$ cat coords-v7.tsv   # TSV, C-alpha atoms and all ligand atoms
chain	number	residue	atom	x	y	z
A	1	MET	CA	242.71	2.77	139.22
A	2	GLY	CA	246.15	1.95	140.65
A	3	SER	CA	248.65	0.67	138.10
A	4	LEU	CA	249.30	-2.59	140.03
A	5	LYS	CA	245.65	-3.49	140.50
A	6	ARG	CA	244.18	-5.97	138.01
A	7	PRO	CA	241.63	-3.93	136.05
A	8	THR	CA	237.97	-4.90	136.04
A	9	VAL	CA	235.95	-4.63	132.84
A	10	LEU	CA	232.24	-5.06	132.22
A	11	ILE	CA	231.17	-5.91	128.66
A	12	LEU	CA	227.55	-5.01	127.92
A	13	GLY	CA	225.77	-7.08	125.27
A	14	ALA	CA	228.25	-9.88	124.81
A	15	GLY	CA	227.59	-11.80	121.59
A	16	ALA	CA	230.06	-12.31	118.74
A	17	VAL	CA	232.26	-9.24	119.45
A	18	GLY	CA	231.72	-8.99	123.20
A	19	LEU	CA	232.34	-12.65	124.05
A	20	ALA	CA	235.49	-12.75	121.91
A	21	LEU	CA	236.74	-9.56	123.54
A	22	ALA	CA	235.93	-10.95	126.98
A	23	GLY	CA	237.86	-14.11	126.17
A	24	LYS	CA	240.90	-12.17	125.04
A	25	LEU	CA	240.87	-9.60	127.88
A	26	GLY	CA	240.41	-12.38	130.44
A	27	SER	CA	244.18	-12.98	130.45
A	28	VAL	CA	244.93	-9.46	131.77
A	29	ALA	CA	241.73	-8.27	133.46
A	30	THR	CA	238.82	-9.49	135.52
A	31	VAL	CA	236.05	-9.54	132.95
A	32	TYR	CA	232.29	-9.63	133.51
A	33	ALA	CA	230.27	-10.28	130.35
A	34	ALA	CA	226.60	-9.24	130.38
A	35	CYS	CA	225.06	-11.76	128.01
A	36	ARG	CA	221.93	-13.80	127.38
A	37	PRO	CA	221.23	-16.77	129.69
A	38	VAL	CA	222.00	-19.27	126.90
A	39	HIS	CA	225.60	-18.01	126.71
A	40	ALA	CA	225.89	-17.54	130.49
A	41	GLY	CA	224.82	-21.15	131.13
A	42	ALA	CA	227.30	-22.61	128.64
A	43	ILE	CA	230.19	-20.44	129.91
A	44	ARG	CA	229.50	-21.35	133.55
A	45	GLU	CA	229.34	-25.01	132.64
A	46	ARG	CA	232.43	-25.43	130.45
A	47	GLY	CA	234.03	-22.00	129.86
A	48	LEU	CA	234.04	-19.78	126.77
A	49	VAL	CA	235.17	-21.59	123.62
A	50	MET	CA	237.20	-19.46	121.19
A	51	GLU	CA	238.61	-20.21	117.78
A	52	GLY	CA	240.31	-18.25	115.03
A	53	VAL	CA	242.93	-15.55	114.80
A	54	TRP	CA	242.58	-14.50	118.47
A	55	GLY	CA	243.49	-18.05	119.54
A	56	ASP	CA	241.88	-21.46	119.94
A	57	GLY	CA	240.87	-22.87	123.30
A	58	THR	CA	238.57	-22.66	126.28
A	59	VAL	CA	238.73	-19.57	128.48
A	60	ARG	CA	237.59	-20.08	132.05
A	61	GLU	CA	238.27	-16.56	133.38
A	62	VAL	CA	235.17	-14.82	131.89
A	63	ILE	CA	232.40	-14.23	134.45
A	64	PRO	CA	228.96	-14.16	132.80
A	65	VAL	CA	226.27	-11.89	134.27
A	66	THR	CA	222.61	-11.65	133.29
A	67	GLY	CA	221.58	-8.47	135.11
A	68	PRO	CA	222.98	-5.46	136.99
A	69	ALA	CA	222.46	-7.20	140.35
A	70	ASP	CA	225.25	-9.65	139.39
A	71	VAL	CA	227.80	-6.84	138.77
A	72	PRO	CA	230.20	-5.98	141.62
A	73	PRO	CA	230.78	-2.29	142.48
A	74	ALA	CA	234.46	-2.24	141.45
A	75	ILE	CA	234.18	-1.83	137.66
A	76	ASP	CA	236.91	0.28	135.98
A	77	PHE	CA	235.62	0.26	132.38
A	78	VAL	CA	232.34	-0.55	130.67
A	79	ILE	CA	232.46	-1.63	127.01
A	80	VAL	CA	229.22	-1.73	125.04
A	81	THR	CA	229.11	-4.41	122.32
A	82	ALA	CA	225.34	-4.79	121.98
A	83	LYS	CA	223.84	-4.08	118.55
A	84	GLY	CA	223.12	-0.38	118.02
A	85	THR	CA	219.41	-1.22	118.08
A	86	ASP	CA	219.84	-2.28	121.74
A	87	THR	CA	222.16	0.50	122.98
A	88	ARG	CA	219.51	2.54	124.77
A	89	ALA	CA	217.81	-0.48	126.36
A	90	ILE	CA	221.06	-1.96	127.71
A	91	CYS	CA	222.23	1.45	128.98
A	92	GLU	CA	218.89	1.85	130.80
A	93	GLU	CA	219.22	-1.62	132.31
A	94	TYR	CA	222.79	-1.01	133.51
A	95	ALA	CA	222.44	2.76	134.10
A	96	GLY	CA	223.52	2.47	137.74
A	97	VAL	CA	226.77	0.73	136.71
A	98	ILE	CA	227.56	3.03	133.79
A	99	ARG	CA	227.03	6.28	135.72
A	100	GLY	CA	230.40	7.97	136.41
A	101	ARG	CA	232.40	5.24	134.65
A	102	PRO	CA	234.42	5.48	131.44
A	103	THR	CA	232.21	3.72	128.90
A	104	VAL	CA	233.27	2.61	125.45
A	105	SER	CA	231.25	1.88	122.32
A	106	LEU	CA	232.86	-0.78	120.13
A	107	GLN	CA	229.79	-0.85	117.92
A	108	ASN	CA	229.34	-0.16	114.22
A	109	GLY	CA	227.24	2.69	112.91
A	110	ILE	CA	226.73	6.31	113.85
A	111	GLY	CA	224.91	7.47	116.97
A	112	ASN	CA	225.79	4.99	119.72
A	113	GLU	CA	228.21	7.31	121.54
A	114	GLU	CA	225.55	10.03	121.67
A	115	VAL	CA	223.18	7.59	123.41
A	116	ILE	CA	225.84	6.40	125.88
A	117	ALA	CA	226.71	10.04	126.68
A	118	GLY	CA	223.23	10.31	128.18
A	119	TYR	CA	224.33	7.85	130.90
A	120	THR	CA	227.91	8.88	131.75
A	121	ASP	CA	230.15	11.92	131.21
A	122	THR	CA	233.17	9.92	130.06
A	123	VAL	CA	232.64	8.26	126.69
A	124	ILE	CA	235.26	6.56	124.52
A	125	GLY	CA	234.45	5.71	120.91
A	126	GLY	CA	235.89	2.62	119.31
A	127	THR	CA	236.10	0.68	116.08
A	128	VAL	CA	237.00	-2.93	115.42
A	129	THR	CA	237.64	-4.09	111.86
A	130	THR	CA	237.70	-7.83	112.40
A	131	ASN	CA	235.07	-10.52	111.77
A	132	PHE	CA	233.37	-12.22	114.73
A	133	SER	CA	230.63	-14.82	114.73
A	134	VAL	CA	228.74	-16.89	117.28
A	135	LEU	CA	229.01	-20.60	116.49
A	136	GLY	CA	226.86	-21.73	119.42
A	137	PRO	CA	226.19	-21.02	123.11
A	138	GLY	CA	229.41	-19.60	124.62
A	139	HIS	CA	231.34	-20.39	121.40
A	140	VAL	CA	232.80	-17.71	119.12
A	141	ARG	CA	235.07	-17.47	116.10
A	142	VAL	CA	237.33	-14.54	115.11
A	143	LEU	CA	238.58	-14.12	111.53
A	144	SER	CA	240.17	-11.57	109.20
A	145	GLU	CA	241.74	-8.92	111.44
A	146	SER	CA	242.11	-6.19	108.81
A	147	ALA	CA	243.03	-3.15	110.94
A	148	PRO	CA	243.91	-2.42	114.56
A	149	MET	CA	241.16	-1.58	117.04
A	150	ARG	CA	240.90	2.21	117.34
A	151	LEU	CA	239.89	3.99	120.54
A	152	GLY	CA	239.47	7.73	121.06
A	153	VAL	CA	237.96	10.22	123.47
A	154	TRP	CA	234.38	11.00	122.50
A	155	SER	CA	233.37	13.18	125.44
A	156	GLY	CA	234.40	14.13	128.94
A	157	ASP	CA	237.73	13.90	130.66
A	158	ALA	CA	238.56	10.48	129.20
A	159	GLY	CA	242.26	10.96	128.36
A	160	GLU	CA	243.63	8.97	131.30
A	161	ALA	CA	241.01	6.25	130.93
A	162	LEU	CA	241.82	6.00	127.22
A	163	GLY	CA	245.53	5.51	127.96
A	164	GLU	CA	244.82	2.82	130.56
A	165	LEU	CA	242.33	0.98	128.40
A	166	THR	CA	244.58	1.05	125.33
A	167	GLY	CA	247.35	-0.46	127.49
A	168	ILE	CA	245.04	-3.22	128.76
A	169	VAL	CA	243.82	-4.11	125.25
A	170	ARG	CA	247.39	-4.14	123.91
A	171	SER	CA	248.69	-6.28	126.74
A	172	ALA	CA	245.94	-8.81	125.95
A	173	GLY	CA	247.47	-9.16	122.47
A	174	ILE	CA	244.90	-7.18	120.47
A	175	PRO	CA	246.41	-4.66	118.01
A	176	VAL	CA	245.08	-1.24	119.08
A	177	GLU	CA	245.79	2.43	118.33
A	178	ALA	CA	244.63	5.66	119.94
A	179	GLU	CA	242.51	7.65	117.46
A	180	PRO	CA	242.76	11.44	117.85
A	181	ASP	CA	239.55	12.09	115.84
A	182	ILE	CA	237.24	9.25	116.83
A	183	ARG	CA	234.20	10.82	115.13
A	184	ALA	CA	236.08	10.55	111.82
A	185	GLY	CA	237.23	7.06	112.86
A	186	LYS	CA	233.63	5.92	113.39
A	187	TRP	CA	232.56	7.30	109.99
A	188	GLY	CA	235.64	5.72	108.41
A	189	LYS	CA	234.63	2.29	109.77
A	190	ALA	CA	230.99	2.90	108.83
A	191	LEU	CA	232.03	3.29	105.17
A	192	LEU	CA	232.88	-0.42	105.07
A	193	ASN	CA	229.61	-1.44	106.72
A	194	ILE	CA	227.56	0.87	104.49
A	195	ALA	CA	229.32	-0.54	101.42
A	196	VAL	CA	229.00	-4.27	102.14
A	197	ASN	CA	226.70	-5.16	105.06
A	198	PRO	CA	223.27	-4.64	103.44
A	199	ILE	CA	224.32	-6.17	100.10
A	200	CYS	CA	225.67	-9.30	101.81
A	201	ALA	CA	222.59	-9.52	104.02
A	202	LEU	CA	220.18	-9.23	101.08
A	203	LEU	CA	222.10	-11.56	98.75
A	204	ARG	CA	223.09	-13.98	101.56
A	205	ALA	CA	226.63	-13.67	100.27
A	206	PRO	CA	230.04	-13.13	101.85
A	207	VAL	CA	231.89	-9.81	101.53
A	208	GLY	CA	233.69	-10.97	98.37
A	209	VAL	CA	230.44	-10.40	96.43
A	210	ALA	CA	231.27	-6.67	96.47
A	211	ALA	CA	233.93	-7.34	93.81
A	212	ASP	CA	231.33	-8.72	91.38
A	213	GLU	CA	231.08	-6.47	88.28
A	214	GLU	CA	227.33	-5.81	88.78
A	215	ILE	CA	227.65	-5.13	92.51
A	216	ARG	CA	230.74	-2.92	92.28
A	217	GLY	CA	228.74	-0.07	90.75
A	218	ILE	CA	226.22	-0.18	93.61
A	219	VAL	CA	229.00	-0.19	96.21
A	220	ASP	CA	230.63	2.75	94.44
A	221	GLY	CA	227.38	4.74	94.61
A	222	LEU	CA	226.77	3.98	98.30
A	223	VAL	CA	230.28	5.13	99.19
A	224	ARG	CA	230.16	8.32	97.04
A	225	GLU	CA	226.89	9.40	98.66
A	226	THR	CA	228.29	8.71	102.14
A	227	PHE	CA	231.42	10.75	101.42
A	228	ALA	CA	229.28	13.70	100.30
A	229	VAL	CA	227.11	13.52	103.44
A	230	ALA	CA	230.12	13.12	105.77
A	231	GLY	CA	231.69	16.19	104.15
A	232	ALA	CA	228.51	18.21	104.72
A	233	GLU	CA	228.60	17.10	108.38
A	234	GLY	CA	232.16	18.43	108.69
A	235	VAL	CA	233.65	14.97	109.22
A	236	ARG	CA	237.28	14.70	108.08
A	237	LEU	CA	237.34	11.11	106.87
A	238	PRO	CA	240.68	9.24	107.10
A	239	TRP	CA	240.89	9.19	103.25
A	240	ALA	CA	241.44	12.47	101.37
A	241	THR	CA	239.21	11.54	98.43
A	242	VAL	CA	236.42	9.08	97.78
A	243	ASP	CA	238.61	7.37	95.16
A	244	ASP	CA	241.34	6.84	97.77
A	245	TYR	CA	238.81	5.06	99.99
A	246	LEU	CA	237.35	3.01	97.12
A	247	ALA	CA	240.88	1.85	96.27
A	248	HIS	CA	241.40	0.78	99.91
A	249	LEU	CA	237.99	-0.93	99.98
A	250	PHE	CA	238.56	-2.97	96.83
A	251	ARG	CA	242.29	-3.64	97.29
A	252	VAL	CA	242.41	-4.30	101.05
A	253	GLN	CA	239.07	-4.61	102.84
A	254	VAL	CA	237.06	-6.68	100.34
A	255	PRO	CA	239.95	-9.17	99.86
A	256	ASP	CA	240.56	-9.33	103.64
A	257	PHE	CA	236.89	-10.14	104.35
A	258	ALA	CA	236.09	-11.93	101.04
A	259	ALA	CA	235.07	-15.21	102.67
A	260	VAL	CA	233.20	-13.93	105.74
A	261	TYR	CA	229.63	-12.83	106.37
A	262	PRO	CA	229.06	-9.47	108.05
A	263	SER	CA	226.96	-8.97	111.17
A	264	MET	CA	223.89	-7.74	109.24
A	265	TYR	CA	223.77	-11.02	107.31
A	266	HIS	CA	223.40	-12.88	110.63
A	267	ASP	CA	220.77	-10.41	111.90
A	268	LEU	CA	218.55	-10.82	108.85
A	269	ARG	CA	218.96	-14.60	108.79
A	270	LEU	CA	218.06	-14.85	112.50
A	271	GLY	CA	215.05	-12.53	112.16
A	272	ARG	CA	216.60	-9.76	114.28
A	273	ARG	CA	216.36	-6.04	113.68
A	274	THR	CA	219.37	-4.84	111.72
A	275	GLU	CA	221.53	-1.74	112.22
A	276	ILE	CA	220.45	-0.33	108.83
A	277	ASP	CA	219.19	2.91	110.38
A	278	LEU	CA	222.57	3.57	111.99
A	279	LEU	CA	224.26	3.01	108.62
A	280	ASN	CA	222.67	3.54	105.16
A	281	GLY	CA	219.38	4.78	106.67
A	282	TYR	CA	221.34	7.31	108.71
A	283	VAL	CA	223.16	8.59	105.62
A	284	ALA	CA	219.84	8.93	103.78
A	285	ARG	CA	218.29	10.92	106.66
A	286	LEU	CA	221.30	13.25	106.93
A	287	GLY	CA	221.40	13.65	103.13
A	288	GLU	CA	217.82	14.90	103.24
A	289	ARG	CA	218.75	17.43	105.93
A	290	HIS	CA	221.69	18.72	103.84
A	291	GLY	CA	219.88	18.61	100.49
A	292	ILE	CA	222.26	15.90	99.20
A	293	PRO	CA	220.63	13.19	97.07
A	294	THR	CA	221.23	9.68	98.46
A	295	PRO	CA	219.08	7.46	96.20
A	296	GLN	CA	221.30	4.38	96.52
A	297	ASN	CA	221.45	4.45	100.33
A	298	ARG	CA	217.72	5.19	100.52
A	299	CYS	CA	216.97	2.27	98.18
A	300	ILE	CA	219.15	-0.29	99.96
A	301	ALA	CA	217.85	0.79	103.39
A	302	ALA	CA	214.27	0.30	102.15
A	303	LEU	CA	215.13	-3.18	100.82
A	304	VAL	CA	216.65	-4.21	104.17
A	305	ARG	CA	213.67	-2.84	106.13
A	306	CYS	CA	211.34	-4.75	103.81
A	307	ALA	CA	213.33	-7.98	104.32
A	308	GLU	CA	213.24	-7.38	108.11
A	309	ALA	CA	209.47	-7.06	108.00
A	310	HIS	CA	208.79	-10.11	105.78
A	311	PRO	CA	210.36	-13.33	107.07
A	312	ASP	CA	209.26	-15.24	103.95
A	313	TRP	CA	211.24	-12.96	101.64
A	314	ARG	CA	214.65	-13.16	103.22
B	1	LIG	N1	230.25	-9.41	114.15
B	1	LIG	C1	231.25	-8.70	113.61
B	1	LIG	O1	232.06	-9.18	112.84
B	1	LIG	C2	231.41	-7.24	113.99
B	1	LIG	C3	232.64	-6.62	113.71
B	1	LIG	C4	232.82	-5.29	114.07
B	1	LIG	C5	231.79	-4.61	114.70
B	1	LIG	N2	230.62	-5.24	114.93
B	1	LIG	C6	229.58	-4.46	115.61
B	1	LIG	O2	229.63	-4.79	117.00
B	1	LIG	C7	228.33	-4.74	117.58
B	1	LIG	C8	227.96	-6.12	118.11
B	1	LIG	O3	227.90	-7.03	117.03
B	1	LIG	P1	227.83	-8.60	117.25
B	1	LIG	O4	228.04	-9.21	115.92
B	1	LIG	O5	228.66	-8.99	118.40
B	1	LIG	O6	226.30	-8.75	117.66
B	1	LIG	P2	225.63	-9.98	118.44
B	1	LIG	O7	224.17	-9.87	118.13
B	1	LIG	O8	226.35	-11.24	118.15
B	1	LIG	O9	225.91	-9.63	119.96
B	1	LIG	C9	225.19	-8.70	120.73
B	1	LIG	C10	224.63	-9.47	121.91
B	1	LIG	O10	224.09	-8.56	122.86
B	1	LIG	C11	223.02	-9.23	123.47
B	1	LIG	N3	222.20	-8.29	124.22
B	1	LIG	C12	221.46	-7.26	123.76
B	1	LIG	N4	220.84	-6.65	124.79
B	1	LIG	C13	221.19	-7.33	125.90
B	1	LIG	C14	220.87	-7.20	127.29
B	1	LIG	N5	220.04	-6.24	127.71
B	1	LIG	N6	221.42	-8.05	128.17
B	1	LIG	C15	222.26	-9.04	127.76
B	1	LIG	N7	222.61	-9.22	126.47
B	1	LIG	C16	222.07	-8.36	125.56
B	1	LIG	C17	222.30	-9.87	122.29
B	1	LIG	O11	221.36	-10.85	122.70
B	1	LIG	C18	223.49	-10.43	121.52
B	1	LIG	O12	223.80	-11.73	121.99
B	1	LIG	C19	227.41	-4.26	116.45
B	1	LIG	O13	227.32	-2.86	116.47
B	1	LIG	C20	228.15	-4.73	115.19
B	1	LIG	O14	227.79	-4.00	114.04
B	1	LIG	C21	230.41	-6.53	114.62
B	2	LIG	C1	234.28	-5.92	109.43
B	2	LIG	C2	232.88	-6.46	109.23
B	2	LIG	C3	232.24	-5.95	107.96
B	2	LIG	C4	233.11	-7.93	109.01
B	2	LIG	O1	232.66	-8.75	109.96
B	2	LIG	C5	232.07	-6.09	110.45
B	2	LIG	O2	232.13	-4.72	110.70
B	2	LIG	C6	230.63	-6.55	110.48
B	2	LIG	O3	230.39	-7.77	110.42
B	2	LIG	O4	229.71	-5.70	110.60
$ encode --input "coords-v7.tsv" --output "structure tokens"
Amino acid sequence: MGSLKRPTVLILGAGAVGLALAGKLGSVATVYAACRPVHAGAIRERGLVMEGVWGDGTVREVIPVTGPADVPPAIDFVIVTAKGTDTRAICEEYAGVIRGRPTVSLQNGIGNEEVIAGYTDTVIGGTVTTNFSVLGPGHVRVLSESAPMRLGVWSGDAGEALGELTGIVRSAGIPVEAEPDIRAGKWGKALLNIAVNPICALLRAPVGVAADEEIRGIVDGLVRETFAVAGAEGVRLPWATVDDYLAHLFRVQVPDFAAVYPSMYHDLRLGRRTEIDLLNGYVARLGERHGIPTPQNRCIAALVRCAEAHPDWR
């Protein structure tokens, strides 16, 4: 990619995160957003409507696509923002576009990069610690930016692509940092989702519920188990001790997100499969492999799976 050429980005699975990202990157890049027809129709008709901390207004630069046939050959970067439950399916659908291209996962949970690596050699892992929600067709809201986006080389010769992409994201006005150990970065972000997403989804409560006296003990247990499992996996989490992370969670993250609902809340409410098996369910499975007890993660994952299976009980 020449430095003077306007970069071209394809976002795969554009909902809350992907549409907001498309809207923001549209000022510095040509952006194609692979989304559902309901969003594509609204965006073609009147543009993408954005509100919140990434700006208010209507963005007309985003080009919606609803299948690989709509994607032009000149794509510089692919960014996957589908739910982890859809990663394989969307990679299959767009396999011809992904092949040979630097492809980024900006998803929560553990395991998405491994799936994407089956489709291209050059994978970049990413985290985004901000709240996004879909308010209607082609209409998104962004709240509570708690940390910069983090991007790091997952596999392949992605160093140059990482530098270019970080520059593009920064020039669009999104705080971003290069992450030297993106595996640790992904686990570090997953701690927040493991701690709050299932509880908020089950209780239909915003993130602030984690500070409740009764709930705090559960959150504490979920995080301690996850730290033990991450340690057994050889992951060097960004916090030296579990108490350091719990202090950050309760002093920074829970207050930052106190009023917002996490993505799993929306999934359960809308009757969609949740990412529980890339989060608490994943920790429980790994715990079993390492002989580490994970009763709290096992329990909460079972509750979420039960709520997924029984529409009347959620
Ligand atoms: N919402 C948040 O605040 C937030 C914040 C940080 C990270 N995340 C993570 O980012 C990822 C995306 O979350 P989200 O909240 O944007 O989810 P979302 O459900 O709002 O968006 C994903 C979109 O991808 C679409 N999609 C799936 N397969 C598709 C296909 N084959 N073709 C076209 N569209 C397809 C879905 O229909 C959906 O609209 C998840 O891993 C989530 O955990 C979310
Ligand atoms: C940061 C977060 C918990 C809040 O939206 C997000 O990761 C989510 O919704 O999953």
$ residues_around --input "coords-v7.tsv" --residues "segment 158-166 of chain A" --least-positions-apart "4" --cutoff "7 Å" --atoms "only C-alpha atoms" --output "number ranges by chain"
A: 102, 122-124, 152-153, 170, 176
$ residues_near_ligand --input "coords-v7.tsv" --ligand "ligand LIG 1 (chain B)" --cutoff "8 Å" --atoms "all atoms listed in the file" --output "compact mmCIF listing (two decimals) with C-alpha atoms, in the frame of the given file"
# COMPACT_ATOMS: atom_id res chain seq x y z
CA LEU A 12 227.55 -5.01 127.92
CA GLY A 13 225.77 -7.08 125.27
CA ALA A 14 228.25 -9.88 124.81
CA GLY A 15 227.59 -11.80 121.59
CA ALA A 16 230.06 -12.31 118.74
CA VAL A 17 232.26 -9.24 119.45
CA GLY A 18 231.72 -8.99 123.20
CA LEU A 19 232.34 -12.65 124.05
CA ALA A 34 226.60 -9.24 130.38
CA CYS A 35 225.06 -11.76 128.01
CA ARG A 36 221.93 -13.80 127.38
CA THR A 66 222.61 -11.65 133.29
CA GLY A 67 221.58 -8.47 135.11
CA THR A 81 229.11 -4.41 122.32
CA ALA A 82 225.34 -4.79 121.98
CA LYS A 83 223.84 -4.08 118.55
CA GLY A 84 223.12 -0.38 118.02
CA ASP A 86 219.84 -2.28 121.74
CA THR A 87 222.16 0.50 122.98
CA ALA A 89 217.81 -0.48 126.36
CA ILE A 90 221.06 -1.96 127.71
CA GLU A 93 219.22 -1.62 132.31
CA LEU A 106 232.86 -0.78 120.13
CA GLN A 107 229.79 -0.85 117.92
CA ASN A 108 229.34 -0.16 114.22
CA GLY A 109 227.24 2.69 112.91
CA THR A 127 236.10 0.68 116.08
CA VAL A 128 237.00 -2.93 115.42
CA THR A 129 237.64 -4.09 111.86
CA THR A 130 237.70 -7.83 112.40
CA ASN A 131 235.07 -10.52 111.77
CA PHE A 132 233.37 -12.22 114.73
CA SER A 133 230.63 -14.82 114.73
CA VAL A 134 228.74 -16.89 117.28
CA VAL A 142 237.33 -14.54 115.11
CA ASN A 193 229.61 -1.44 106.72
CA TYR A 261 229.63 -12.83 106.37
CA PRO A 262 229.06 -9.47 108.05
CA SER A 263 226.96 -8.97 111.17
CA MET A 264 223.89 -7.74 109.24
CA HIS A 266 223.40 -12.88 110.63
CA ASP A 267 220.77 -10.41 111.90
CA GLU A 275 221.53 -1.74 112.22
$ closest_residue --input "coords-v7.tsv" --among "A:Ile75, A:Ala147, A:Ile110, A:Ile199" --to "Pro175 of chain A" --atoms "only C-alpha atoms"
A:Ala147
$ closest_residue --input "coords-v7.tsv" --among "A:Val207, A:Ala301, A:Leu10, A:Leu268" --to "Ser144 of chain A" --atoms "only C-alpha atoms"
A:Val207
$ closest_residue --input "coords-v7.tsv" --among "A:Thr103, A:Val62, A:Val304, A:Arg272" --to "Leu21 of chain A" --atoms "only C-alpha atoms"
A:Val62
$ atom_distance --input "coords-v7.tsv" --atom1 "atom CA of Val254 of chain A" --atom2 "atom CA of Gly217 of chain A"
14.3 Å
$ atom_distance --input "coords-v7.tsv" --atom1 "atom CA of Val223 of chain A" --atom2 "atom CA of Tyr245 of chain A"
8.6 Å
$ closest_residue --input "coords-v7.tsv" --among "A:Glu51, A:Glu145, A:Asp212, A:Asp243" --to "ligand LIG 2 (chain B)" --atoms "only C-alpha atoms and all ligand atoms"
A:Glu145
$ closest_residue --input "coords-v7.tsv" --among "A:Ala190, A:Asp244, A:Ala205, A:Val283" --to "Thr226 of chain A" --atoms "all atoms listed in the file"
A:Val283
$ residues_near_point --input "coords-v7.tsv" --point "(235.2, -0.7, 123.1)" --cutoff "6 Å" --atoms "all atoms listed in the file" --output "number ranges by chain"
A: 79, 104-106, 126
$ closest_residue --input "coords-v7.tsv" --among "A:Arg141, A:Arg289, A:His310, A:Arg305" --to "ligand LIG 2 (chain B)" --atoms "all atoms listed in the file"
A:Arg141
$ atom_distance --input "coords-v7.tsv" --atom1 "atom C2 of ligand LIG 2 (chain B)" --atom2 "atom CA of Glu92 of chain A"
27.0 Å
$ axis_aligned_box --input "coords-v7.tsv" --around "ligand LIG 2 (chain B)" --padding-each-side "3 Å" --output "JSON"
{"center_x": 232.0, "center_y": -6.7, "center_z": 109.3, "size_x": 10.6, "size_y": 10.0, "size_z": 8.7}
$ residues_near_point --input "coords-v7.tsv" --point "(231.9, -5.5, 101.7)" --cutoff "12 Å" --atoms "all atoms listed in the file" --output "PyMOL selection string"
chain A and resi 129+131+189-201+203+205-212+215-216+218-220+222-223+246+248-265
$ write_last_selection --input "coords-v7.tsv" --atoms "C-alpha atoms" --output "mmCIF file, keeping the file's coordinate frame"
data_model
loop_
_atom_site.group_PDB
_atom_site.id
_atom_site.type_symbol
_atom_site.label_atom_id
_atom_site.label_comp_id
_atom_site.auth_asym_id
_atom_site.auth_seq_id
_atom_site.Cartn_x
_atom_site.Cartn_y
_atom_site.Cartn_z
ATOM 1 C CA THR A 129 237.640 -4.090 111.860
ATOM 2 C CA ASN A 131 235.070 -10.520 111.770
ATOM 3 C CA LYS A 189 234.630 2.290 109.770
ATOM 4 C CA ALA A 190 230.990 2.900 108.830
ATOM 5 C CA LEU A 191 232.030 3.290 105.170
ATOM 6 C CA LEU A 192 232.880 -0.420 105.070
ATOM 7 C CA ASN A 193 229.610 -1.440 106.720
ATOM 8 C CA ILE A 194 227.560 0.870 104.490
ATOM 9 C CA ALA A 195 229.320 -0.540 101.420
ATOM 10 C CA VAL A 196 229.000 -4.270 102.140
ATOM 11 C CA ASN A 197 226.700 -5.160 105.060
ATOM 12 C CA PRO A 198 223.270 -4.640 103.440
ATOM 13 C CA ILE A 199 224.320 -6.170 100.100
ATOM 14 C CA CYS A 200 225.670 -9.300 101.810
ATOM 15 C CA ALA A 201 222.590 -9.520 104.020
ATOM 16 C CA LEU A 203 222.100 -11.560 98.750
ATOM 17 C CA ALA A 205 226.630 -13.670 100.270
ATOM 18 C CA PRO A 206 230.040 -13.130 101.850
ATOM 19 C CA VAL A 207 231.890 -9.810 101.530
ATOM 20 C CA GLY A 208 233.690 -10.970 98.370
ATOM 21 C CA VAL A 209 230.440 -10.400 96.430
ATOM 22 C CA ALA A 210 231.270 -6.670 96.470
ATOM 23 C CA ALA A 211 233.930 -7.340 93.810
ATOM 24 C CA ASP A 212 231.330 -8.720 91.380
ATOM 25 C CA ILE A 215 227.650 -5.130 92.510
ATOM 26 C CA ARG A 216 230.740 -2.920 92.280
ATOM 27 C CA ILE A 218 226.220 -0.180 93.610
ATOM 28 C CA VAL A 219 229.000 -0.190 96.210
ATOM 29 C CA ASP A 220 230.630 2.750 94.440
ATOM 30 C CA LEU A 222 226.770 3.980 98.300
ATOM 31 C CA VAL A 223 230.280 5.130 99.190
ATOM 32 C CA LEU A 246 237.350 3.010 97.120
ATOM 33 C CA HIS A 248 241.400 0.780 99.910
ATOM 34 C CA LEU A 249 237.990 -0.930 99.980
ATOM 35 C CA PHE A 250 238.560 -2.970 96.830
ATOM 36 C CA ARG A 251 242.290 -3.640 97.290
ATOM 37 C CA VAL A 252 242.410 -4.300 101.050
ATOM 38 C CA GLN A 253 239.070 -4.610 102.840
ATOM 39 C CA VAL A 254 237.060 -6.680 100.340
ATOM 40 C CA PRO A 255 239.950 -9.170 99.860
ATOM 41 C CA ASP A 256 240.560 -9.330 103.640
ATOM 42 C CA PHE A 257 236.890 -10.140 104.350
ATOM 43 C CA ALA A 258 236.090 -11.930 101.040
ATOM 44 C CA ALA A 259 235.070 -15.210 102.670
ATOM 45 C CA VAL A 260 233.200 -13.930 105.740
ATOM 46 C CA TYR A 261 229.630 -12.830 106.370
ATOM 47 C CA PRO A 262 229.060 -9.470 108.050
ATOM 48 C CA SER A 263 226.960 -8.970 111.170
ATOM 49 C CA MET A 264 223.890 -7.740 109.240
ATOM 50 C CA TYR A 265 223.770 -11.020 107.310
#
$ build_atoms --input "coords-v7.tsv" --residues "segment 103-107 of chain A" --atoms "N, CA and C atoms" --output "CSV table (one decimal), keeping the file's coordinate frame"
chain,number,residue,atom,x,y,z
A,103,THR,N,233.0,4.7,129.6
A,103,THR,CA,232.2,3.7,128.9
A,103,THR,C,232.5,3.8,127.4
A,104,VAL,N,232.8,2.7,126.8
A,104,VAL,CA,233.3,2.6,125.4
A,104,VAL,C,232.2,2.0,124.6
A,105,SER,N,232.0,2.6,123.3
A,105,SER,CA,231.2,1.9,122.3
A,105,SER,C,232.2,1.2,121.3
A,106,LEU,N,232.1,-0.1,121.2
A,106,LEU,CA,232.9,-0.8,120.1
A,106,LEU,C,231.9,-1.2,119.0
A,107,GLN,N,230.8,-0.5,118.9
A,107,GLN,CA,229.8,-0.8,117.9
A,107,GLN,C,230.0,-0.2,116.6
